[in-house]
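Reproduced below: data.txt, with compact mmCIF, C-alpha atoms and all ligand atoms.
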```txt
# COMPACT_ATOMS: atom_id res chain seq x y z
CA MET A 1 0.00 0.00 0.00
CA LEU A 2 2.90 2.35 0.75
CA ASP A 3 3.87 2.13 -2.93
CA ARG A 4 0.65 3.92 -3.76
CA PHE A 5 2.21 7.10 -2.43
CA ARG A 6 4.49 7.06 -5.46
CA ASP A 7 1.73 6.30 -7.92
CA LYS A 8 2.04 8.56 -10.95
CA ASP A 9 -1.67 8.69 -11.75
CA LEU A 10 -2.59 9.64 -8.21
CA VAL A 11 0.03 12.39 -8.21
CA GLN A 12 -1.24 13.65 -11.59
CA GLY A 13 -4.77 13.69 -10.24
CA ALA A 14 -3.81 15.65 -7.15
CA LEU A 15 -1.86 18.09 -9.34
CA ALA A 16 -4.92 18.52 -11.56
CA GLU A 17 -6.94 19.34 -8.45
CA ILE A 18 -4.37 21.97 -7.44
CA ARG A 19 -4.59 23.50 -10.92
CA LYS A 20 -8.36 23.53 -10.67
CA ILE A 21 -8.62 25.33 -7.36
CA THR A 22 -5.77 27.83 -7.73
CA THR A 23 -7.02 31.30 -8.59
CA ARG A 24 -4.19 33.48 -7.33
CA PRO A 25 -0.41 33.38 -6.79
CA TRP A 26 0.68 31.77 -3.54
CA ALA A 27 4.11 31.40 -1.97
CA ILE A 28 4.47 28.24 0.10
CA MET A 29 7.58 27.26 2.02
CA GLU A 30 8.69 23.70 2.51
CA ILE A 31 10.81 24.09 5.59
CA CYS A 32 12.58 20.77 5.30
CA GLY A 33 15.57 20.28 3.01
CA GLY A 34 14.70 16.62 2.51
CA GLN A 35 11.44 17.79 0.98
CA THR A 36 13.27 20.31 -1.21
CA HIS A 37 15.27 17.40 -2.62
CA ALA A 38 12.20 15.22 -3.16
CA ILE A 39 10.37 18.11 -4.86
CA MET A 40 13.28 18.69 -7.26
CA GLN A 41 13.86 14.99 -7.79
CA TYR A 42 10.29 14.32 -8.88
CA GLY A 43 10.11 17.59 -10.81
CA LEU A 44 7.05 18.71 -8.81
CA ASN A 45 8.31 22.26 -9.04
CA ASP A 46 7.71 22.21 -12.80
CA LEU A 47 4.40 20.38 -12.62
CA LEU A 48 2.68 22.83 -10.29
CA PRO A 49 0.64 25.70 -11.74
CA LYS A 50 2.76 28.79 -12.36
CA GLN A 51 0.96 30.71 -9.59
CA ILE A 52 2.30 28.36 -6.92
CA GLU A 53 5.83 29.21 -5.87
CA LEU A 54 7.66 26.86 -3.55
CA ILE A 55 10.15 28.67 -1.35
CA HIS A 56 12.86 26.48 0.10
CA GLY A 57 13.40 26.78 3.83
CA PRO A 58 16.31 26.43 6.25
CA GLY A 59 15.53 22.84 7.27
CA CYS A 60 18.94 21.43 6.50
CA PRO A 61 20.91 20.81 9.68
CA VAL A 62 24.19 20.42 7.84
CA CYS A 63 23.64 23.81 6.19
CA VAL A 64 22.75 25.75 9.31
CA THR A 65 25.40 24.36 11.66
CA SER A 66 27.40 27.47 12.50
CA LEU A 67 30.80 28.04 10.98
CA GLU A 68 32.21 28.39 14.49
CA LEU A 69 31.05 24.88 15.38
CA VAL A 70 32.37 23.47 12.11
CA ASP A 71 35.73 25.07 12.90
CA LYS A 72 35.58 23.68 16.43
CA ALA A 73 34.84 20.23 15.00
CA ILE A 74 37.88 20.55 12.75
CA ALA A 75 40.06 21.66 15.67
CA ILE A 76 38.91 18.74 17.84
CA ALA A 77 39.22 16.21 15.01
CA SER A 78 42.80 17.39 14.39
CA ARG A 79 43.88 16.47 17.92
CA GLU A 80 45.85 13.37 18.63
CA ASN A 81 44.05 10.66 20.50
CA VAL A 82 40.66 11.72 19.14
CA ILE A 83 38.33 9.63 17.00
CA PHE A 84 35.93 12.13 15.48
CA THR A 85 32.64 10.66 14.31
CA SER A 86 30.01 12.37 12.20
CA TYR A 87 27.16 11.88 9.77
CA GLY A 88 28.76 11.70 6.33
CA ASP A 89 27.39 14.97 5.00
CA MET A 90 29.40 17.05 7.45
CA LEU A 91 32.78 15.97 6.10
CA ARG A 92 32.78 18.21 3.04
CA VAL A 93 31.20 21.22 4.71
CA PRO A 94 33.65 24.11 4.34
CA GLY A 95 35.08 25.53 7.55
CA SER A 96 37.03 28.79 7.58
CA GLN A 97 40.25 27.14 6.40
CA GLN A 98 39.51 23.51 5.62
CA ASP A 99 36.92 20.78 6.08
CA LEU A 100 36.76 17.57 8.12
CA PHE A 101 37.63 15.58 5.04
CA SER A 102 40.99 17.30 4.76
CA VAL A 103 41.65 16.49 8.43
CA LYS A 104 41.02 12.85 7.56
CA ALA A 105 43.21 13.08 4.45
CA ALA A 106 45.99 14.48 6.62
CA GLY A 107 45.82 11.39 8.83
CA GLY A 108 43.19 12.39 11.38
CA ASP A 109 40.86 9.66 12.62
CA VAL A 110 37.57 10.95 11.24
CA ARG A 111 34.86 8.33 10.81
CA VAL A 112 31.44 8.43 9.23
CA VAL A 113 28.74 6.82 11.34
CA TYR A 114 25.09 6.20 10.64
CA SER A 115 23.98 6.94 14.19
CA ALA A 116 25.29 8.29 17.46
CA ILE A 117 24.79 4.86 19.05
CA GLU A 118 27.47 3.59 16.68
CA ALA A 119 29.80 6.27 18.00
CA VAL A 120 29.20 5.06 21.57
CA ARG A 121 30.15 1.58 20.44
CA ILE A 122 33.39 2.90 18.97
CA ALA A 123 34.10 4.57 22.31
CA GLU A 124 33.49 1.28 24.09
CA LYS A 125 35.95 -0.51 21.84
CA ASN A 126 38.61 2.21 22.08
CA PRO A 127 38.87 3.03 25.80
CA ASP A 128 42.25 4.73 25.33
CA LYS A 129 40.85 7.23 22.81
CA GLU A 130 38.45 10.13 23.11
CA VAL A 131 35.49 9.56 20.81
CA VAL A 132 33.58 12.67 19.80
CA PHE A 133 30.31 12.71 17.88
CA PHE A 134 29.15 15.75 15.90
CA GLY A 135 25.55 15.90 17.16
CA ILE A 136 23.79 18.00 14.57
CA GLY A 137 20.19 18.00 13.54
CA PHE A 138 16.62 19.11 14.03
CA GLU A 139 14.00 17.46 16.22
CA THR A 140 14.20 14.32 14.06
CA THR A 141 17.72 13.30 15.05
CA ALA A 142 17.48 14.60 18.62
CA PRO A 143 16.10 11.34 20.10
CA ALA A 144 18.89 9.34 18.42
CA ASN A 145 21.57 11.72 19.61
CA ALA A 146 20.09 12.01 23.09
CA ILE A 147 19.89 8.28 23.66
CA SER A 148 23.57 7.87 22.82
CA VAL A 149 24.47 10.03 25.80
CA VAL A 150 22.00 8.19 28.03
CA LYS A 151 23.55 4.89 26.97
CA ALA A 152 27.09 6.13 27.49
CA LYS A 153 26.22 7.32 30.99
CA ARG A 154 24.33 4.15 31.85
CA GLN A 155 27.24 1.98 30.72
CA GLY A 156 29.81 4.16 32.46
CA ILE A 157 31.55 5.09 29.21
CA ARG A 158 33.51 8.26 29.89
CA ASN A 159 35.55 8.65 26.72
CA TYR A 160 32.50 9.66 24.69
CA SER A 161 31.31 13.20 24.13
CA MET A 162 29.14 15.16 21.75
CA LEU A 163 29.67 18.44 19.96
CA VAL A 164 26.06 19.58 20.00
CA SER A 165 24.52 21.70 17.28
CA HIS A 166 20.84 21.02 17.67
CA VAL A 167 18.29 23.35 16.13
CA CYS A 168 14.49 23.49 16.30
CA VAL A 169 11.88 24.34 13.69
CA PRO A 170 9.34 26.58 15.49
CA PRO A 171 11.81 29.40 16.35
CA ALA A 172 13.04 29.33 12.74
CA MET A 173 9.46 29.74 11.53
CA HIS A 174 9.12 32.76 13.82
CA ALA A 175 12.33 34.21 12.40
CA ILE A 176 11.15 33.74 8.81
CA LEU A 177 7.58 34.97 9.32
CA GLY A 178 8.66 37.88 11.51
CA SER A 179 11.17 39.19 8.98
CA PRO A 180 10.18 42.33 7.06
CA ASN A 181 11.23 40.56 3.85
CA ASN A 182 8.96 37.61 4.43
CA ARG A 183 6.98 36.34 1.43
CA VAL A 184 5.81 33.03 2.88
CA GLN A 185 2.01 32.66 2.96
CA GLY A 186 1.72 28.97 3.82
CA PHE A 187 3.93 26.23 5.21
CA LEU A 188 4.48 22.59 4.57
CA ALA A 189 5.36 21.52 8.10
CA ALA A 190 8.05 18.85 7.99
CA GLY A 191 6.35 15.51 8.56
CA HIS A 192 9.07 13.81 10.51
CA VAL A 193 9.74 16.73 12.83
CA CYS A 194 6.01 16.53 13.61
CA ALA A 195 6.22 12.74 14.00
CA VAL A 196 8.50 13.42 16.96
CA MET A 197 7.09 16.66 18.37
CA GLY A 198 3.46 16.63 17.21
CA TYR A 199 2.00 19.79 15.71
CA GLU A 200 0.34 21.63 18.59
CA ASP A 201 3.32 24.02 18.81
CA TYR A 202 2.55 25.34 15.33
CA LYS A 203 -0.95 26.52 16.13
CA PRO A 204 0.04 29.77 17.85
CA ILE A 205 2.53 30.49 15.03
CA ALA A 206 -0.11 29.94 12.36
CA GLN A 207 -2.52 32.20 14.27
CA GLN A 208 -0.01 34.95 15.00
CA TYR A 209 1.02 35.37 11.38
CA GLY A 210 -2.15 34.20 9.66
CA VAL A 211 -0.33 31.40 7.86
CA PRO A 212 -1.95 27.99 7.24
CA MET A 213 0.17 24.84 7.44
CA ALA A 214 -0.08 21.27 6.27
CA VAL A 215 1.91 18.53 7.97
CA THR A 216 3.52 16.91 4.95
CA GLY A 217 5.33 13.67 4.16
CA PHE A 218 8.09 12.88 1.72
CA GLU A 219 6.74 10.70 -1.07
CA PRO A 220 5.59 12.49 -4.25
CA LEU A 221 1.94 11.97 -3.38
CA ASP A 222 2.48 13.20 0.18
CA LEU A 223 4.11 16.38 -1.08
CA THR A 224 1.40 17.00 -3.66
CA LEU A 225 -1.27 16.41 -1.03
CA GLY A 226 0.41 18.78 1.43
CA ILE A 227 0.51 21.46 -1.24
CA LEU A 228 -3.11 20.76 -2.21
CA ASP A 229 -4.27 21.07 1.41
CA THR A 230 -2.29 24.29 1.87
CA VAL A 231 -3.65 25.84 -1.34
CA ARG A 232 -7.17 24.86 -0.29
CA MET A 233 -6.77 26.73 2.99
CA LEU A 234 -5.14 29.73 1.31
CA GLU A 235 -7.90 29.97 -1.30
CA LYS A 236 -10.58 29.82 1.40
CA GLY A 237 -8.76 32.21 3.70
CA GLU A 238 -8.55 29.60 6.45
CA VAL A 239 -5.75 29.59 8.98
CA LYS A 240 -5.56 26.03 10.22
CA ILE A 241 -3.16 23.17 10.58
CA VAL A 242 -4.08 20.13 8.55
CA ASN A 243 -2.40 16.78 8.98
CA SER A 244 -1.75 15.55 5.46
CA TYR A 245 0.58 12.82 6.69
CA SER A 246 -1.60 11.01 9.19
CA ARG A 247 -0.07 7.59 8.59
CA ALA A 248 3.10 8.73 10.36
CA VAL A 249 2.10 11.74 12.45
CA THR A 250 -0.26 12.18 15.37
CA ARG A 251 -1.28 15.47 16.95
CA GLU A 252 0.75 14.86 20.10
CA GLY A 253 3.76 13.28 18.38
CA ASN A 254 5.91 10.58 19.95
CA ARG A 255 5.77 11.16 23.70
CA ILE A 256 8.53 8.69 24.50
CA ALA A 257 10.90 10.36 22.05
CA GLN A 258 9.97 13.76 23.49
CA GLN A 259 10.76 12.48 26.98
CA ILE A 260 14.16 11.17 25.89
CA ILE A 261 14.93 14.59 24.40
CA ALA A 262 13.71 16.43 27.52
CA ASP A 263 15.82 14.21 29.78
CA VAL A 264 19.01 15.13 27.95
CA PHE A 265 18.60 18.50 26.26
CA GLU A 266 17.37 21.96 27.23
CA PRO A 267 16.65 24.99 25.06
CA CYS A 268 19.40 27.52 24.30
CA ASP A 269 20.16 30.37 21.90
CA ARG A 270 21.79 29.14 18.73
CA GLN A 271 23.68 30.62 15.78
CA TRP A 272 22.41 29.51 12.37
CA ARG A 273 24.96 29.65 9.60
CA GLY A 274 24.11 32.38 7.11
CA ILE A 275 21.14 33.51 9.18
CA GLY A 276 22.53 34.58 12.54
CA LEU A 277 21.47 34.10 16.12
CA ILE A 278 17.92 32.92 16.69
CA PRO A 279 16.91 33.14 20.36
CA MET A 280 16.05 29.85 22.06
CA SER A 281 16.28 28.01 18.76
CA GLY A 282 18.57 25.20 19.80
CA TRP A 283 19.14 22.48 22.34
CA LYS A 284 22.20 21.92 24.49
CA LEU A 285 23.07 19.18 26.96
CA LYS A 286 21.53 19.53 30.42
CA SER A 287 23.78 19.91 33.44
CA ASP A 288 23.38 16.19 34.27
CA TYR A 289 25.26 15.46 31.09
CA VAL A 290 27.95 18.19 31.06
CA ASP A 291 30.64 15.52 31.19
CA TYR A 292 29.55 14.53 27.71
CA ASP A 293 29.76 18.04 26.25
CA ALA A 294 32.69 18.10 23.79
CA GLU A 295 32.79 21.89 23.80
CA LEU A 296 33.61 21.84 27.50
CA LYS A 297 35.81 18.77 27.39
CA PHE A 298 38.02 20.18 24.63
CA GLN A 299 38.47 23.83 25.33
CA VAL A 300 38.80 25.00 21.74
CA GLN A 301 39.47 28.69 21.89
CA ASP A 302 40.81 31.18 19.37
CA ILE A 303 38.42 30.24 16.66
CA GLN A 304 38.57 32.98 14.03
CA THR A 305 35.81 32.34 11.56
CA LYS A 306 35.91 33.52 7.99
CA GLU A 307 32.96 32.94 5.70
CA SER A 308 33.23 32.68 1.90
CA GLU A 309 32.62 36.06 0.27
CA VAL A 310 30.71 34.77 -2.73
CA CYS A 311 28.34 32.33 -1.07
CA ILE A 312 24.76 33.59 -0.66
CA SER A 313 23.50 30.48 1.12
CA GLY A 314 22.21 32.60 4.01
CA GLN A 315 19.73 34.29 1.70
CA ILE A 316 18.82 30.95 0.17
CA LEU A 317 18.19 29.44 3.62
CA GLN A 318 15.87 32.32 4.43
CA GLY A 319 13.93 31.81 1.23
CA LEU A 320 15.02 35.18 -0.19
CA LYS A 321 16.96 33.78 -3.17
CA LYS A 322 17.04 30.59 -5.23
CA PRO A 323 20.31 28.69 -5.76
CA ASN A 324 20.49 29.47 -9.48
CA GLN A 325 20.57 33.16 -8.59
CA CYS A 326 24.01 32.69 -7.02
CA PRO A 327 26.78 33.76 -9.42
CA ALA A 328 28.98 30.87 -8.30
CA PHE A 329 26.29 28.21 -8.75
CA GLY A 330 27.52 25.37 -10.96
CA THR A 331 30.67 27.26 -11.95
CA LEU A 332 32.93 28.12 -9.02
CA CYS A 333 30.74 26.11 -6.68
CA THR A 334 29.88 22.45 -7.33
CA PRO A 335 29.39 19.41 -5.09
CA GLN A 336 33.01 18.45 -5.83
CA ASN A 337 34.23 21.90 -4.88
CA PRO A 338 31.60 23.40 -2.59
CA LEU A 339 31.84 26.96 -1.35
CA GLY A 340 28.87 26.64 0.97
CA ALA A 341 27.23 23.93 3.04
CA THR A 342 24.03 24.12 0.98
CA MET A 343 25.98 22.65 -1.96
CA VAL A 344 27.29 19.74 0.14
CA SER A 345 24.38 18.40 2.05
CA SER A 346 21.92 15.87 0.69
CA GLU A 347 19.32 18.22 2.11
CA GLY A 348 20.83 21.46 0.83
CA ALA A 349 18.94 23.53 -1.72
CA CYS A 350 22.02 24.23 -3.89
CA SER A 351 22.82 20.55 -4.20
CA ALA A 352 19.16 19.80 -5.00
CA TYR A 353 19.24 22.33 -7.85
CA TYR A 354 22.59 21.04 -9.04
CA ARG A 355 21.42 17.44 -9.11
CA TYR A 356 17.92 17.77 -10.40
CA ALA A 357 17.28 21.16 -12.04
CA ARG A 358 16.09 20.47 -15.53
CA ASP A 359 17.04 23.68 -17.31
CA MET B 1 20.32 11.63 7.92
CA CYS B 2 17.30 13.80 8.27
CA LEU B 3 15.46 12.16 5.41
CA GLY B 4 13.84 9.42 7.43
CA ILE B 5 12.83 6.40 5.48
CA PRO B 6 10.30 3.72 6.32
CA GLY B 7 11.66 0.22 6.85
CA LYS B 8 10.20 -3.09 7.93
CA ILE B 9 11.00 -4.64 11.31
CA ILE B 10 12.49 -8.10 10.82
CA GLU B 11 13.95 -8.68 14.29
CA ILE B 12 13.44 -7.27 17.79
CA THR B 13 16.04 -7.62 20.54
CA THR B 14 17.09 -6.06 23.82
CA GLN B 15 20.66 -4.87 24.18
CA GLU B 16 21.91 -3.57 27.52
CA GLY B 17 18.36 -2.72 28.44
CA THR B 18 17.60 -0.89 25.19
CA ARG B 19 14.94 -2.10 22.77
CA MET B 20 16.67 -2.57 19.42
CA GLY B 21 15.72 -4.16 16.12
CA LYS B 22 16.84 -5.09 12.67
CA ILE B 23 15.10 -3.16 9.93
CA ASP B 24 14.90 -3.98 6.26
CA PHE B 25 15.08 -0.91 4.05
CA ASP B 26 14.34 -2.26 0.61
CA GLY B 27 16.94 -5.00 0.94
CA VAL B 28 19.44 -3.11 3.11
CA GLU B 29 19.41 -4.29 6.72
CA LEU B 30 20.34 -1.95 9.54
CA GLU B 31 20.25 -2.03 13.31
CA VAL B 32 17.85 0.50 14.77
CA CYS B 33 16.82 1.65 18.24
CA LEU B 34 13.15 0.90 18.90
CA GLU B 35 12.99 2.47 22.35
CA ALA B 36 10.36 5.06 21.36
CA THR B 37 8.15 2.69 19.37
CA PRO B 38 7.17 0.06 21.97
CA GLU B 39 3.98 -0.76 20.06
CA ALA B 40 5.80 -1.72 16.85
CA LYS B 41 5.72 -5.45 16.05
CA LEU B 42 7.59 -7.69 13.66
CA GLY B 43 6.49 -6.85 10.12
CA ASP B 44 5.45 -3.27 10.97
CA TYR B 45 6.92 -0.32 9.13
CA VAL B 46 8.72 2.31 11.18
CA ILE B 47 10.24 5.63 10.17
CA VAL B 48 13.88 5.81 11.09
CA HIS B 49 16.10 8.82 11.59
CA ALA B 50 19.79 8.32 12.31
CA GLY B 51 19.27 4.79 13.56
CA PHE B 52 16.28 5.63 15.76
CA ALA B 53 12.67 4.77 14.97
CA ILE B 54 10.53 7.86 15.56
CA SER B 55 7.14 6.57 14.45
CA THR B 56 5.19 3.48 13.44
CA MET B 57 3.38 3.69 10.11
CA SER B 58 -0.35 3.25 10.44
CA GLU B 59 -1.80 1.13 7.63
CA SER B 60 -5.34 2.21 8.43
CA GLU B 61 -4.38 5.90 8.21
CA ALA B 62 -2.59 5.24 4.92
CA LYS B 63 -5.76 3.65 3.60
CA GLU B 64 -7.89 6.52 4.82
CA THR B 65 -5.69 9.06 3.02
CA LEU B 66 -5.94 7.08 -0.20
CA ASP B 67 -9.71 6.73 0.19
CA LEU B 68 -10.08 10.46 0.70
CA LEU B 69 -8.07 11.03 -2.44
CA ALA B 70 -10.32 8.77 -4.42
CA GLN B 71 -13.15 11.20 -3.70
CA ILE B 72 -11.41 14.09 -5.41
CA GLU B 73 -13.08 14.73 -8.73
CA SER B 74 -9.92 15.51 -10.66
CA LEU B 75 -8.54 12.15 -9.65
CA GLN B 76 -11.50 10.31 -11.06
CA GLU B 77 -11.30 12.27 -14.30
CA GLU B 78 -7.61 11.55 -14.48
CA SER B 79 -8.04 7.81 -14.05
CA GLU B 80 -10.86 7.67 -16.58
CA SER B 81 -8.96 9.57 -19.24
S1 LIG C 1 25.86 27.80 -5.14
FE1 LIG C 1 27.57 27.53 -3.70
S2 LIG C 1 28.34 29.57 -3.36
FE2 LIG C 1 26.31 29.81 -4.23
S3 LIG C 1 24.95 29.91 -2.47
FE3 LIG C 1 25.03 27.76 -3.06
S4 LIG C 1 26.66 26.92 -1.77
FE4 LIG C 1 26.93 29.15 -1.71
```
Have the structure of the file written as structure tokens, please.
Amino acid sequence: MLDRFRDKDLVQGALAEIRKITTRPWAIMEICGGQTHAIMQYGLNDLLPKQIELIHGPGCPVCVTSLELVDKAIAIASRENVIFTSYGDMLRVPGSQQDLFSVKAAGGDVRVVYSAIEAVRIAEKNPDKEVVFFGIGFETTAPANAISVVKAKRQGIRNYSMLVSHVCVPPAMHAILGSPNNRVQGFLAAGHVCAVMGYEDYKPIAQQYGVPMAVTGFEPLDLTLGILDTVRMLEKGEVKIVNSYSRAVTREGNRIAQQIIADVFEPCDRQWRGIGLIPMSGWKLKSDYVDYDAELKFQVQDIQTKESEVCISGQILQGLKKPNQCPAFGTLCTPQNPLGATMVSSEGACSAYYRYARD
Amino acid sequence: MCLGIPGKIIEITTQEGTRMGKIDFDGVELEVCLEATPEAKLGDYVIVHAGFAISTMSESEAKETLDLLAQIESLQEESES
């Protein structure tokens, strides 16, 4: 049955319905970078009526991890006696001088892991080394990252720590909608963030800014449905939150996952690369787990950050520009030689345009 | 990492007090933490992010969505044409 959510005829039918009900131009943001990639991959961008503009949001954790933290990661990974573990996408993300991949090429022990639990296992097997995990992500990876610290503590593993760069969606929505340049009229709320957190938190945001939202999944039919539901609300002038992804998301989300997060993390201010500081937009380790905080364990000072001068990824992440409006796009900047994180990540808008844009 | 994909549970175990499982993602098998999906059974589909199952797929909800779609006029026209 899950295959039906890729069914071409059903997608075509839902697209026809969107065409039928659209009477005016609407700008809808998909906040999640995974959805940006799926939209480009299936060419939905080109199949929608011209009046519907999809604006790509900042929901790419690799892209928004601050340059300072990337530089700190590089500094820690360069130390002797450290095994630095990370999700694969982070390795090519440009720091001020170099990236994690060049640390590895120079002989540093940098390893790609699929989950933080794997990093704990590496720590267990290498008691004479310090194992550090680059804990990036939105609400979706927070339970996975949190449980690694719980496990490490429970098993008495002390040579494990996490460089935390967690970010949260609702404060980012506030930042986007509250900006004087905002053009977003409706949101596709990222389905898997809602699978963890539920969608009650979005209600006050929708009300405050008068912006309807549809909780949206990742298959082509899910995306088309999310857009259809959002356009329906926009056309009727309704400000509601519709769950267009009910097979994976409930109103209250996953309470157990929320509890795991709340046991380990607490809210904090966080810098978003290319965007700046967003108040209370991140999570850091609670005091019970300070021993597992890599930033405290490895006092990495004297970080002088220097951002690329050509890269406009900050504007792209805020939905103000599209990747193909960047002068370096596809010329100076490619996935092989990225100038910005948005060209590296499998959730970055620049890499989505590079891989799938049809013109 | 953030693009969670659904996979099918083919084994459930407990490791050092943590509920774990083996998940089949279209032929690729991976070990996943099932701590937050206690209701998920063998054969169920879960959505996994970074080795952690965040939600169990509901078949009945999937069916409901598809049924609702079938009521949209454009869809009927499309399938007739
Ligand atoms: S194309 Fe490259 S340089 Fe331009 S915004 Fe994207 S990542 Fe930055």
| message | I'd like the interatomic distance between CA of Asp291 (chain A) and CA of Ile136 (chain A), to a tenth of an Å. | response |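 It comes out at 18.1 Å.
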Please report as a Markdown table every residue of region 79-162 of chain A lying within 9 Å of region 29-33 of chain B, along with the nearest atom pair and their distance in Å (one decimal), using all atoms listed in the file.
```
| residue | atom | partner | partner_atom | distance |
| --- | --- | --- | --- | --- |
| A:Ser115 | CA | B:Val32 | CA | 8.9 |
| A:Ile117 | CA | B:Cys33 | CA | 8.6 |
| A:Ala144 | CA | B:Cys33 | CA | 8.0 |
```
| message | Rounded to one decimal, what separation in Å do you get between CA of Gly340 (chain A) and CA of Phe101 (chain A)? | response |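 Answer for the CA of Gly340 (chain A) to CA of Phe101 (chain A) separation: 14.7 Å.
When all atoms listed in the file are used to compute distances to chain B, the closest of the residues A:Ala214, A:Ile256, A:Val193, A:Cys311 turns out to be A:Ile256.
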| task | Find the residues in chain A near chain B: any atom within 7 Å counts, using only C-alpha atoms. Write them as a PyMOL selection string. | result | chain A and resi 9-10+13-14+16-17+34+114-115+140-141+144+195-196+246-248+254+256-257
Selection above as a file: C-alpha atoms, as a PDB file, in the coordinates of the input:
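File produced: again25.pdb:
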```pdb
ATOM      1  CA  ASP A   9      -1.670   8.690 -11.750  1.00  0.00           C
ATOM      2  CA  LEU A  10      -2.590   9.640  -8.210  1.00  0.00           C
ATOM      3  CA  GLY A  13      -4.770  13.690 -10.240  1.00  0.00           C
ATOM      4  CA  ALA A  14      -3.810  15.650  -7.150  1.00  0.00           C
ATOM      5  CA  ALA A  16      -4.920  18.520 -11.560  1.00  0.00           C
ATOM      6  CA  GLU A  17      -6.940  19.340  -8.450  1.00  0.00           C
ATOM      7  CA  GLY A  34      14.700  16.620   2.510  1.00  0.00           C
ATOM      8  CA  TYR A 114      25.090   6.200  10.640  1.00  0.00           C
ATOM      9  CA  SER A 115      23.980   6.940  14.190  1.00  0.00           C
ATOM     10  CA  THR A 140      14.200  14.320  14.060  1.00  0.00           C
ATOM     11  CA  THR A 141      17.720  13.300  15.050  1.00  0.00           C
ATOM     12  CA  ALA A 144      18.890   9.340  18.420  1.00  0.00           C
ATOM     13  CA  ALA A 195       6.220  12.740  14.000  1.00  0.00           C
ATOM     14  CA  VAL A 196       8.500  13.420  16.960  1.00  0.00           C
ATOM     15  CA  SER A 246      -1.600  11.010   9.190  1.00  0.00           C
ATOM     16  CA  ARG A 247      -0.070   7.590   8.590  1.00  0.00           C
ATOM     17  CA  ALA A 248       3.100   8.730  10.360  1.00  0.00           C
ATOM     18  CA  ASN A 254       5.910  10.580  19.950  1.00  0.00           C
ATOM     19  CA  ILE A 256       8.530   8.690  24.500  1.00  0.00           C
ATOM     20  CA  ALA A 257      10.900  10.360  22.050  1.00  0.00           C
TER      21      ALA A 257
END
```
| said: I'd like the contact shell of region 216-220 of chain A - 10 Å cut-off, only C-alpha atoms, skipping same-chain residues fewer than 3 positions apart - returned as a ChimeraX atom specification. | reply: /A:2-8,10-11,30,32,34-39,41-44,187-192,194-195,213,223-227,229-230,242-249 /B:3-5
